[in-house]
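K.L.:
Below you'll find query.cif; it's mmCIF, C-alpha atoms and all ligand atoms.
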data_upload
#
loop_
_atom_site.label_atom_id
_atom_site.label_comp_id
_atom_site.auth_asym_id
_atom_site.auth_seq_id
_atom_site.Cartn_x
_atom_site.Cartn_y
_atom_site.Cartn_z
CA MET A 1 0.76 -34.84 23.94
CA THR A 2 2.12 -32.43 26.55
CA ALA A 3 1.24 -32.46 30.26
CA PRO A 4 -1.87 -30.26 30.73
CA LEU A 5 -0.97 -26.69 31.64
CA PHE A 6 -4.45 -25.90 32.93
CA ASP A 7 -7.20 -27.84 34.72
CA ARG A 8 -10.14 -25.99 33.21
CA LEU A 9 -10.03 -23.74 30.16
CA ALA A 10 -13.11 -21.63 29.49
CA LEU A 11 -13.56 -20.40 25.93
CA ILE A 12 -16.11 -17.59 25.80
CA GLY A 13 -17.07 -17.41 22.12
CA ILE A 14 -16.50 -20.32 19.76
CA GLY A 15 -16.09 -18.83 16.28
CA LEU A 16 -13.00 -19.07 14.08
CA ILE A 17 -10.54 -18.22 16.87
CA GLY A 18 -12.29 -20.01 19.77
CA SER A 19 -12.78 -23.16 17.68
CA SER A 20 -9.15 -23.15 16.51
CA LEU A 21 -8.00 -22.79 20.13
CA ALA A 22 -10.30 -25.61 21.25
CA GLN A 23 -8.90 -27.89 18.55
CA VAL A 24 -5.22 -27.25 19.26
CA VAL A 25 -5.80 -27.49 23.03
CA ARG A 26 -7.49 -30.88 22.64
CA GLN A 27 -4.96 -32.12 20.12
CA LYS A 28 -2.04 -31.25 22.42
CA GLY A 29 -3.81 -31.98 25.72
CA LEU A 30 -3.11 -28.48 27.06
CA ALA A 31 -6.12 -28.45 29.43
CA LYS A 32 -7.86 -31.24 31.34
CA HIS A 33 -11.31 -29.79 30.69
CA VAL A 34 -12.46 -27.41 27.94
CA ALA A 35 -15.64 -25.50 28.84
CA ILE A 36 -17.32 -23.76 25.93
CA SER A 37 -19.79 -20.91 25.99
CA THR A 38 -21.45 -18.98 23.19
CA ARG A 39 -24.53 -16.79 23.13
CA SER A 40 -26.64 -18.65 20.54
CA GLU A 41 -28.13 -22.09 20.82
CA ASP A 42 -27.25 -22.90 17.18
CA THR A 43 -23.53 -22.15 17.54
CA LEU A 44 -23.40 -24.02 20.85
CA ARG A 45 -25.03 -27.07 19.27
CA ARG A 46 -22.60 -26.93 16.34
CA ALA A 47 -19.61 -26.72 18.71
CA GLU A 48 -20.93 -29.81 20.48
CA GLU A 49 -21.44 -31.67 17.18
CA LEU A 50 -17.85 -30.86 16.26
CA GLY A 51 -16.72 -32.18 19.65
CA LEU A 52 -14.80 -29.01 20.48
CA GLY A 53 -15.17 -29.19 24.26
CA ASP A 54 -16.03 -31.21 27.36
CA SER A 55 -18.93 -29.04 28.54
CA TYR A 56 -21.19 -26.50 26.85
CA SER A 57 -23.31 -23.63 28.12
CA GLN A 58 -25.00 -20.49 26.84
CA ASP A 59 -24.18 -18.98 30.24
CA ALA A 60 -20.63 -17.57 30.13
CA ALA A 61 -20.46 -17.61 33.94
CA VAL A 62 -21.15 -21.36 34.02
CA ALA A 63 -18.19 -21.96 31.68
CA ALA A 64 -15.87 -19.58 33.54
CA ASP A 65 -16.75 -20.92 37.00
CA GLY A 66 -13.72 -22.75 38.42
CA ALA A 67 -11.58 -22.11 35.31
CA ASP A 68 -7.87 -21.43 35.78
CA LEU A 69 -7.68 -20.03 32.23
CA VAL A 70 -10.45 -17.96 30.66
CA ILE A 71 -10.09 -16.74 27.06
CA LEU A 72 -12.52 -14.19 25.63
CA CYS A 73 -13.07 -14.99 21.93
CA VAL A 74 -16.03 -12.70 21.13
CA PRO A 75 -16.06 -9.48 19.04
CA VAL A 76 -14.40 -6.66 21.01
CA GLY A 77 -17.65 -4.67 21.19
CA ALA A 78 -19.10 -7.45 23.40
CA TYR A 79 -16.20 -7.50 25.90
CA GLU A 80 -17.62 -5.23 28.58
CA ALA A 81 -20.89 -7.15 28.86
CA VAL A 82 -19.06 -10.49 28.99
CA ALA A 83 -16.52 -9.25 31.57
CA LYS A 84 -19.35 -7.99 33.80
CA TRP A 85 -21.13 -11.33 33.42
CA ILE A 86 -18.21 -13.59 34.37
CA ALA A 87 -16.49 -11.37 36.96
CA PRO A 88 -18.36 -12.80 40.00
CA VAL A 89 -17.18 -16.37 39.28
CA LEU A 90 -13.54 -15.69 38.36
CA GLN A 91 -11.36 -17.51 40.87
CA SER A 92 -8.28 -16.04 42.51
CA GLY A 93 -5.09 -17.10 40.70
CA ALA A 94 -6.90 -17.61 37.37
CA ILE A 95 -5.56 -16.08 34.17
CA LEU A 96 -8.04 -14.00 32.18
CA THR A 97 -6.94 -13.29 28.63
CA ASP A 98 -8.45 -12.58 25.23
CA VAL A 99 -7.79 -12.67 21.49
CA GLY A 100 -9.28 -9.31 20.52
CA SER A 101 -7.86 -7.32 17.62
CA THR A 102 -7.71 -4.04 19.59
CA LYS A 103 -6.02 -3.67 22.96
CA THR A 104 -6.47 -0.20 24.53
CA SER A 105 -10.25 -0.49 24.27
CA VAL A 106 -10.18 -4.04 25.65
CA ILE A 107 -8.25 -2.93 28.72
CA GLU A 108 -10.76 -0.10 29.26
CA ALA A 109 -13.73 -2.45 28.80
CA VAL A 110 -12.54 -5.42 30.87
CA GLY A 111 -10.03 -3.95 33.37
CA PRO A 112 -12.59 -2.42 35.77
CA TYR A 113 -14.34 -5.79 36.26
CA VAL A 114 -11.26 -7.94 36.96
CA PRO A 115 -11.40 -9.11 40.60
CA ASP A 116 -8.30 -8.89 42.84
CA GLY A 117 -6.07 -11.93 42.49
CA VAL A 118 -7.07 -12.62 38.87
CA HIS A 119 -4.24 -12.14 36.36
CA PHE A 120 -5.52 -10.14 33.40
CA ILE A 121 -3.19 -10.51 30.41
CA PRO A 122 -4.69 -9.06 27.21
CA GLY A 123 -3.53 -10.94 24.11
CA HIS A 124 -3.90 -10.93 20.34
CA PRO A 125 -2.95 -13.80 18.05
CA ILE A 126 -1.93 -12.38 14.67
CA ALA A 127 -3.59 -15.19 12.80
CA GLY A 128 -6.89 -15.49 11.05
CA THR A 129 -8.86 -16.02 7.90
CA GLU A 130 -11.89 -14.32 6.37
CA GLN A 131 -14.12 -17.15 7.63
CA SER A 132 -16.15 -17.16 10.83
CA GLY A 133 -18.01 -19.57 13.07
CA PRO A 134 -16.98 -22.86 14.72
CA ASP A 135 -16.68 -24.76 11.42
CA ALA A 136 -14.01 -22.32 10.23
CA GLY A 137 -11.56 -23.24 13.00
CA PHE A 138 -8.52 -25.48 12.56
CA ALA A 139 -5.79 -26.62 14.95
CA SER A 140 -2.82 -25.26 12.98
CA LEU A 141 -4.15 -21.67 12.69
CA PHE A 142 -1.60 -20.30 15.18
CA GLU A 143 1.44 -22.19 13.92
CA ASN A 144 4.40 -19.90 13.17
CA ARG A 145 2.27 -16.86 13.90
CA TRP A 146 2.85 -14.18 16.51
CA CYS A 147 0.74 -13.65 19.60
CA ILE A 148 1.12 -10.22 21.22
CA PHE A 149 0.50 -9.68 24.94
CA THR A 150 -0.17 -6.20 26.34
CA PRO A 151 -0.06 -6.85 30.11
CA PRO A 152 -0.70 -3.90 32.43
CA PRO A 153 2.36 -2.82 34.46
CA GLY A 154 2.89 -5.02 37.52
CA THR A 155 1.26 -8.14 36.03
CA ASP A 156 2.45 -11.33 37.72
CA GLU A 157 5.50 -12.63 35.80
CA ALA A 158 4.71 -16.28 36.55
CA ALA A 159 1.25 -15.86 35.01
CA ILE A 160 2.78 -14.23 31.89
CA ALA A 161 5.29 -17.11 31.65
CA LYS A 162 2.50 -19.69 31.91
CA LEU A 163 0.39 -18.01 29.24
CA THR A 164 3.50 -17.69 27.05
CA GLU A 165 4.05 -21.44 27.36
CA PHE A 166 0.39 -22.03 26.43
CA TRP A 167 0.67 -20.01 23.19
CA GLN A 168 4.02 -21.55 22.36
CA GLU A 169 2.40 -24.98 22.69
CA CYS A 170 -0.28 -23.72 20.26
CA GLY A 171 2.58 -23.09 17.80
CA SER A 172 2.97 -19.33 18.21
CA TYR A 173 5.83 -16.95 18.97
CA VAL A 174 5.00 -14.54 21.79
CA ASP A 175 5.83 -10.86 21.96
CA GLN A 176 4.92 -8.07 24.39
CA MET A 177 4.21 -4.40 23.78
CA ASP A 178 2.22 -1.61 25.33
CA PRO A 179 -1.42 -1.47 24.20
CA GLU A 180 -1.19 1.93 22.46
CA HIS A 181 1.76 0.73 20.40
CA HIS A 182 -0.06 -2.51 19.55
CA ASP A 183 -3.05 -0.53 18.30
CA LYS A 184 -0.86 1.64 16.03
CA VAL A 185 1.06 -1.33 14.62
CA LEU A 186 -2.14 -3.27 13.97
CA ALA A 187 -3.83 -0.21 12.46
CA ILE A 188 -1.27 -0.23 9.65
CA VAL A 189 -0.66 -3.97 9.19
CA SER A 190 -4.22 -5.20 9.57
CA HIS A 191 -6.94 -2.61 10.08
CA LEU A 192 -6.02 -0.27 7.20
CA PRO A 193 -5.63 -3.10 4.64
CA HIS A 194 -9.09 -4.35 5.56
CA ILE A 195 -10.61 -0.85 5.33
CA ILE A 196 -8.95 -0.30 1.94
CA ALA A 197 -10.25 -3.67 0.76
CA TYR A 198 -13.80 -2.93 1.96
CA ASN A 199 -13.57 0.42 0.19
CA ILE A 200 -12.23 -0.81 -3.16
CA VAL A 201 -14.70 -3.67 -3.33
CA GLY A 202 -17.51 -1.24 -2.45
CA THR A 203 -16.33 1.20 -5.15
CA ALA A 204 -16.23 -1.56 -7.79
CA ASP A 205 -19.68 -2.67 -6.73
CA ASP A 206 -21.01 0.88 -7.16
CA LEU A 207 -19.43 1.50 -10.60
CA GLU A 208 -21.83 2.01 -13.43
CA THR A 209 -19.36 2.01 -16.34
CA VAL A 210 -18.07 -1.48 -15.62
CA THR A 211 -20.61 -4.26 -15.29
CA LYS A 212 -20.69 -6.53 -12.23
CA SER A 213 -20.13 -9.56 -14.43
CA GLU A 214 -16.94 -7.97 -15.81
CA VAL A 215 -15.70 -7.26 -12.28
CA ILE A 216 -16.11 -10.94 -11.43
CA LYS A 217 -14.87 -12.32 -14.77
CA TYR A 218 -11.61 -10.36 -14.77
CA SER A 219 -11.06 -10.34 -11.00
CA ALA A 220 -7.81 -12.34 -11.18
CA SER A 221 -6.03 -9.19 -12.36
CA GLY A 222 -5.80 -7.92 -8.77
CA PHE A 223 -9.30 -7.25 -7.48
CA ARG A 224 -9.77 -10.85 -6.31
CA ASP A 225 -7.08 -10.52 -3.64
CA PHE A 226 -8.91 -7.56 -2.11
CA THR A 227 -12.18 -9.48 -2.06
CA ARG A 228 -10.71 -12.06 0.32
CA LEU A 229 -10.10 -9.36 2.96
CA ALA A 230 -13.40 -7.65 2.15
CA ALA A 231 -15.25 -10.92 2.88
CA SER A 232 -14.17 -10.76 6.55
CA ASP A 233 -16.77 -10.81 9.30
CA PRO A 234 -18.78 -7.52 9.32
CA THR A 235 -19.43 -7.59 13.10
CA MET A 236 -15.78 -8.13 13.98
CA TRP A 237 -14.59 -5.38 11.64
CA ARG A 238 -17.28 -2.90 12.66
CA ASP A 239 -16.09 -3.41 16.25
CA VAL A 240 -12.40 -3.06 15.29
CA CYS A 241 -13.12 0.28 13.54
CA LEU A 242 -15.15 1.59 16.48
CA ASN A 243 -12.59 0.41 19.07
CA ASN A 244 -9.34 1.51 17.40
CA LYS A 245 -10.67 4.78 16.02
CA ASP A 246 -7.73 7.09 16.86
CA ALA A 247 -4.95 4.87 15.50
CA ILE A 248 -6.97 4.00 12.38
CA LEU A 249 -7.75 7.67 11.65
CA GLU A 250 -4.07 8.56 12.11
CA MET A 251 -2.96 5.86 9.65
CA LEU A 252 -5.76 6.74 7.22
CA SER A 253 -4.63 10.34 7.08
CA ARG A 254 -1.01 9.24 6.36
CA PHE A 255 -2.38 6.89 3.72
CA SER A 256 -4.48 9.63 2.09
CA GLU A 257 -1.46 11.97 1.87
CA ASP A 258 0.64 9.25 0.24
CA LEU A 259 -2.18 8.39 -2.12
CA SER A 260 -2.39 12.05 -3.18
CA ALA A 261 1.36 12.01 -3.91
CA LEU A 262 0.89 8.86 -5.99
CA GLN A 263 -2.03 10.46 -7.81
CA ARG A 264 0.16 13.48 -8.59
CA ALA A 265 2.98 11.25 -9.91
CA ILE A 266 0.52 9.51 -12.24
CA ARG A 267 -1.01 12.81 -13.38
CA TRP A 268 2.40 14.35 -14.16
CA GLY A 269 3.80 11.20 -15.74
CA ASP A 270 6.53 10.93 -13.09
CA GLY A 271 7.64 7.40 -14.02
CA ASP A 272 10.79 7.55 -11.86
CA LYS A 273 8.73 8.20 -8.76
CA LEU A 274 6.33 5.36 -9.56
CA PHE A 275 9.19 2.97 -10.32
CA GLU A 276 11.01 3.88 -7.09
CA LEU A 277 7.90 3.25 -4.97
CA PHE A 278 6.98 -0.02 -6.69
CA THR A 279 10.57 -1.29 -6.28
CA ARG A 280 10.61 -0.40 -2.58
CA THR A 281 7.29 -2.10 -1.91
CA ARG A 282 8.35 -5.24 -3.76
CA SER A 283 11.19 -5.67 -1.29
CA VAL A 284 8.71 -5.48 1.62
CA ARG A 285 6.97 -8.56 0.26
CA ARG A 286 10.30 -10.38 -0.07
CA SER A 287 11.02 -9.65 3.61
CA ILE A 288 7.62 -11.08 4.62
CA ILE A 289 8.33 -14.30 2.71
CA GLU A 290 11.83 -14.52 4.24
CA ALA A 291 10.27 -14.13 7.71
CA GLY A 292 8.06 -17.19 6.99
CA GLN A 293 4.84 -15.14 7.19
CA GLU A 294 3.75 -15.89 3.59
CA ILE A 295 4.29 -18.54 0.97
CA ASP A 296 6.60 -17.87 -1.96
CA MET A 297 4.39 -19.41 -4.63
CA PRO A 298 2.96 -17.90 -7.79
CA ASP A 299 -0.61 -16.71 -7.34
CA PHE A 300 -0.39 -17.34 -3.55
CA GLY A 301 -0.28 -21.09 -4.10
CA ARG A 302 -3.72 -21.30 -5.71
CA VAL A 303 -4.32 -24.64 -7.33
CA LYS A 304 -4.53 -24.33 -11.11
CA PRO A 305 -7.46 -26.05 -12.84
CA ASP A 306 -6.40 -28.85 -15.25
P1 LIG B 401 -16.51 -15.33 14.90
O1 LIG B 401 -16.02 -16.49 14.14
O2 LIG B 401 -17.50 -14.41 14.26
O3 LIG B 401 -17.13 -15.86 16.30
C1 LIG B 401 -17.62 -14.93 17.23
C2 LIG B 401 -18.05 -15.64 18.52
O4 LIG B 401 -18.47 -14.62 19.43
C3 LIG B 401 -19.24 -16.57 18.34
O5 LIG B 401 -19.17 -17.57 19.33
C4 LIG B 401 -20.42 -15.64 18.63
O6 LIG B 401 -21.54 -16.26 19.20
C5 LIG B 401 -19.86 -14.75 19.71
N1 LIG B 401 -20.49 -13.43 19.70
C6 LIG B 401 -20.69 -12.62 18.63
N2 LIG B 401 -21.27 -11.46 19.03
C7 LIG B 401 -21.46 -11.57 20.37
C8 LIG B 401 -22.03 -10.71 21.35
N3 LIG B 401 -22.51 -9.50 21.03
N4 LIG B 401 -22.07 -11.15 22.64
C9 LIG B 401 -21.57 -12.36 22.99
N5 LIG B 401 -21.02 -13.22 22.09
C10 LIG B 401 -20.97 -12.82 20.81
O7 LIG B 401 -15.31 -14.38 15.39
P2 LIG B 401 -13.72 -14.66 15.41
O8 LIG B 401 -13.17 -14.42 14.05
O9 LIG B 401 -13.44 -15.94 16.12
O10 LIG B 401 -13.26 -13.43 16.30
C11 LIG B 401 -13.31 -13.48 17.71
C12 LIG B 401 -12.34 -12.46 18.28
O11 LIG B 401 -11.04 -12.74 17.76
C13 LIG B 401 -12.64 -11.00 17.93
O12 LIG B 401 -12.45 -10.21 19.07
C14 LIG B 401 -11.60 -10.65 16.88
O13 LIG B 401 -11.24 -9.28 16.96
C15 LIG B 401 -10.44 -11.56 17.26
N6 LIG B 401 -9.55 -11.96 16.15
C16 LIG B 401 -10.09 -12.37 14.97
C17 LIG B 401 -9.24 -12.74 13.93
C18 LIG B 401 -9.80 -13.18 12.58
O14 LIG B 401 -9.09 -13.17 11.57
N7 LIG B 401 -11.05 -13.57 12.50
C19 LIG B 401 -7.84 -12.73 14.11
C20 LIG B 401 -7.34 -12.38 15.36
C21 LIG B 401 -8.20 -11.98 16.37
P3 LIG B 401 -22.82 -16.81 18.41
O15 LIG B 401 -22.33 -17.44 17.12
O16 LIG B 401 -23.37 -17.82 19.37
O17 LIG B 401 -23.70 -15.64 18.17
#
Written as structure tokens, that's how I'd like the structure from this file.
Ligand code: NAP
P.N.:
Amino acid sequence: MTAPLFDRLALIGIGLIGSSLAQVVRQKGLAKHVAISTRSEDTLRRAEELGLGDSYSQDAAVAADGADLVILCVPVGAYEAVAKWIAPVLQSGAILTDVGSTKTSVIEAVGPYVPDGVHFIPGHPIAGTEQSGPDAGFASLFENRWCIFTPPPGTDEAAIAKLTEFWQECGSYVDQMDPEHHDKVLAIVSHLPHIIAYNIVGTADDLETVTKSEVIKYSASGFRDFTRLAASDPTMWRDVCLNNKDAILEMLSRFSEDLSALQRAIRWGDGDKLFELFTRTRSVRRSIIEAGQEIDMPDFGRVKPD
């Protein structure tokens, strides 16, 4: 247990990310009081059953009132409404942050509502699973993962240092970048892979020459790994696509050009080109394993049936 860094933490949204934060905060004693808010009665009741917080309310302003740390953990499309809702109760000196997957849009949506004296530090933990809801959360989600801050110029350094300490206590490494750069980086490392996965799974589902039962039966040959990404929360990913449109379209057009080149190499039997690309990409995976961002186990560590 560490000494609490905050007196009152308000978590607005208690799905996968909010629940994981609640659990690590309680496990490590990072806040004296954890106030939880979510829009639906069912999710709120489930959070209470799981014992994720000290107080519970469907009113985000009730949770945020008196908090010295407020973390928005709702889909990015809901940010503006939530920011407007809690703004009147945000206390001077409090830190307002978030976990949203896009950053330029978040600054545009929340920035105008942040009262003077409140430190707004947009953040994004690069950690997640394809699951959603409070039951999906777990305390070690952020361990050895990066959390990126995109603070506006002039943000109070002491507030950044305090939030850095908070995420480090949650097990993360912290980095800073400007929001536009964040959105481009995430477009290629996260948003595009999800879009490609949604697309390939959709294409397979639409095929008429291959039956659905064959797709499922032989999925271990590659398709299965796309289905994990394609099972991600539809609301969250709709909002990511709508809120990081420019960077995603830029990366998609690069991707389409490269795919055309690959298509040409296959059509013309250019084995050297294919071999060169597949060798280069294999080394990217090795670098990810060396950086501790993936496990080096056959079949991603899946347990084999007896
Ligand atoms: P989640 O499990 O689906 O939970 C979403 C939470 O937000 C629930 O409490 C839900 O409330 C609430 N919510 C949904 N729509 C809302 C709306 N229109 N207005 C107010 N509240 C709403 O989502 P999550 O995976 O934790 O994602 C939360 C945030 O983290 C998103 O901004 C996402 O971009 C970001 N993020 C996600 C991942 C990931 O892998 N999942 C990784 C990094 C960052 P009810 O259940 O009560 O309706």
K.L.:
Counting all atoms listed in the file, figure out which residue out of A:Leu72, A:Val25, A:Ile288, A:Ala187 gets nearest to ligand LIG 401 (chain B).
P.N.:
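Closest candidate: A:Leu72.
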K.L.:
Residues contacting ligand LIG 401 (chain B) - anything with an atom at most 9 Å away, using all atoms listed in the file - can you give me those as a PDB file with C-alpha atoms, in the frame of the given file?
P.N.:
ATOM      1  CA  ILE A  12     -16.110 -17.590  25.800  1.00  0.00           C
ATOM      2  CA  GLY A  13     -17.070 -17.410  22.120  1.00  0.00           C
ATOM      3  CA  ILE A  14     -16.500 -20.320  19.760  1.00  0.00           C
ATOM      4  CA  GLY A  15     -16.090 -18.830  16.280  1.00  0.00           C
ATOM      5  CA  LEU A  16     -13.000 -19.070  14.080  1.00  0.00           C
ATOM      6  CA  ILE A  17     -10.540 -18.220  16.870  1.00  0.00           C
ATOM      7  CA  GLY A  18     -12.290 -20.010  19.770  1.00  0.00           C
ATOM      8  CA  SER A  19     -12.780 -23.160  17.680  1.00  0.00           C
ATOM      9  CA  SER A  20      -9.150 -23.150  16.510  1.00  0.00           C
ATOM     10  CA  SER A  37     -19.790 -20.910  25.990  1.00  0.00           C
ATOM     11  CA  THR A  38     -21.450 -18.980  23.190  1.00  0.00           C
ATOM     12  CA  ARG A  39     -24.530 -16.790  23.130  1.00  0.00           C
ATOM     13  CA  SER A  40     -26.640 -18.650  20.540  1.00  0.00           C
ATOM     14  CA  GLU A  41     -28.130 -22.090  20.820  1.00  0.00           C
ATOM     15  CA  ASP A  42     -27.250 -22.900  17.180  1.00  0.00           C
ATOM     16  CA  THR A  43     -23.530 -22.150  17.540  1.00  0.00           C
ATOM     17  CA  LEU A  44     -23.400 -24.020  20.850  1.00  0.00           C
ATOM     18  CA  GLN A  58     -25.000 -20.490  26.840  1.00  0.00           C
ATOM     19  CA  ALA A  60     -20.630 -17.570  30.130  1.00  0.00           C
ATOM     20  CA  LEU A  72     -12.520 -14.190  25.630  1.00  0.00           C
ATOM     21  CA  CYS A  73     -13.070 -14.990  21.930  1.00  0.00           C
ATOM     22  CA  VAL A  74     -16.030 -12.700  21.130  1.00  0.00           C
ATOM     23  CA  PRO A  75     -16.060  -9.480  19.040  1.00  0.00           C
ATOM     24  CA  VAL A  76     -14.400  -6.660  21.010  1.00  0.00           C
ATOM     25  CA  GLY A  77     -17.650  -4.670  21.190  1.00  0.00           C
ATOM     26  CA  ALA A  78     -19.100  -7.450  23.400  1.00  0.00           C
ATOM     27  CA  TYR A  79     -16.200  -7.500  25.900  1.00  0.00           C
ATOM     28  CA  ALA A  81     -20.890  -7.150  28.860  1.00  0.00           C
ATOM     29  CA  VAL A  82     -19.060 -10.490  28.990  1.00  0.00           C
ATOM     30  CA  ASP A  98      -8.450 -12.580  25.230  1.00  0.00           C
ATOM     31  CA  VAL A  99      -7.790 -12.670  21.490  1.00  0.00           C
ATOM     32  CA  GLY A 100      -9.280  -9.310  20.520  1.00  0.00           C
ATOM     33  CA  SER A 101      -7.860  -7.320  17.620  1.00  0.00           C
ATOM     34  CA  THR A 102      -7.710  -4.040  19.590  1.00  0.00           C
ATOM     35  CA  HIS A 124      -3.900 -10.930  20.340  1.00  0.00           C
ATOM     36  CA  PRO A 125      -2.950 -13.800  18.050  1.00  0.00           C
ATOM     37  CA  ILE A 126      -1.930 -12.380  14.670  1.00  0.00           C
ATOM     38  CA  ALA A 127      -3.590 -15.190  12.800  1.00  0.00           C
ATOM     39  CA  GLY A 128      -6.890 -15.490  11.050  1.00  0.00           C
ATOM     40  CA  THR A 129      -8.860 -16.020   7.900  1.00  0.00           C
ATOM     41  CA  GLU A 130     -11.890 -14.320   6.370  1.00  0.00           C
ATOM     42  CA  GLN A 131     -14.120 -17.150   7.630  1.00  0.00           C
ATOM     43  CA  SER A 132     -16.150 -17.160  10.830  1.00  0.00           C
ATOM     44  CA  GLY A 133     -18.010 -19.570  13.070  1.00  0.00           C
ATOM     45  CA  PRO A 134     -16.980 -22.860  14.720  1.00  0.00           C
ATOM     46  CA  ASP A 135     -16.680 -24.760  11.420  1.00  0.00           C
ATOM     47  CA  ALA A 136     -14.010 -22.320  10.230  1.00  0.00           C
ATOM     48  CA  GLY A 137     -11.560 -23.240  13.000  1.00  0.00           C
ATOM     49  CA  SER A 232     -14.170 -10.760   6.550  1.00  0.00           C
ATOM     50  CA  ASP A 233     -16.770 -10.810   9.300  1.00  0.00           C
ATOM     51  CA  PRO A 234     -18.780  -7.520   9.320  1.00  0.00           C
ATOM     52  CA  THR A 235     -19.430  -7.590  13.100  1.00  0.00           C
ATOM     53  CA  MET A 236     -15.780  -8.130  13.980  1.00  0.00           C
ATOM     54  CA  TRP A 237     -14.590  -5.380  11.640  1.00  0.00           C
ATOM     55  CA  ASP A 239     -16.090  -3.410  16.250  1.00  0.00           C
ATOM     56  CA  VAL A 240     -12.400  -3.060  15.290  1.00  0.00           C
TER      57      VAL A 240
END
K.L.:
For atom CA of Lys212 of chain A and atom CA of Phe226 of chain A, determine how far apart the two atoms are, in Å to one decimal place.
P.N.:
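Atom CA of Phe226 of chain A lies at a distance of 15.6 Å from atom CA of Lys212 of chain A.
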K.L.:
Measuring atom to atom with all atoms listed in the file, identify which of A:Asp175, A:Glu108, A:Asp205, A:Glu169 is nearest to Ser140 of chain A.
P.N.:
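Of A:Asp175, A:Glu108, A:Asp205, A:Glu169, the one nearest Ser140 of chain A is A:Glu169, counting all atoms listed in the file.
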K.L.:
When you count all atoms listed in the file, which of these residues is closest to Ile86 of chain A: A:His33, A:Val174, A:Val106, A:Leu11?
P.N.:
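When distances to Ile86 of chain A are compared using all atoms listed in the file, the smallest one comes from A:Leu11.
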K.L.:
In Å, with one decimal, what is the gap from atom CA of Leu262 of chain A to atom CA of Phe275 of chain A?
P.N.:
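Going from atom CA of Leu262 of chain A over to atom CA of Phe275 of chain A covers 11.1 Å.
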K.L.:
Could you check which of A:Asp65, A:Arg26, A:His191, A:Pro112 is closest to Leu252 of chain A, using all atoms listed in the file?
P.N.:
A:His191
K.L.:
Got a sec: who's within 10 Å of Phe223 of chain A, counting all atoms listed in the file, leaving out chain neighbours fewer than 3 positions off, as a list in words?
P.N.:
Ala197, Ile200, Val201, Ala204, Val215, Ile216, Tyr218, Ser219, Ala220, Phe226, Thr227 and Arg228 of chain A
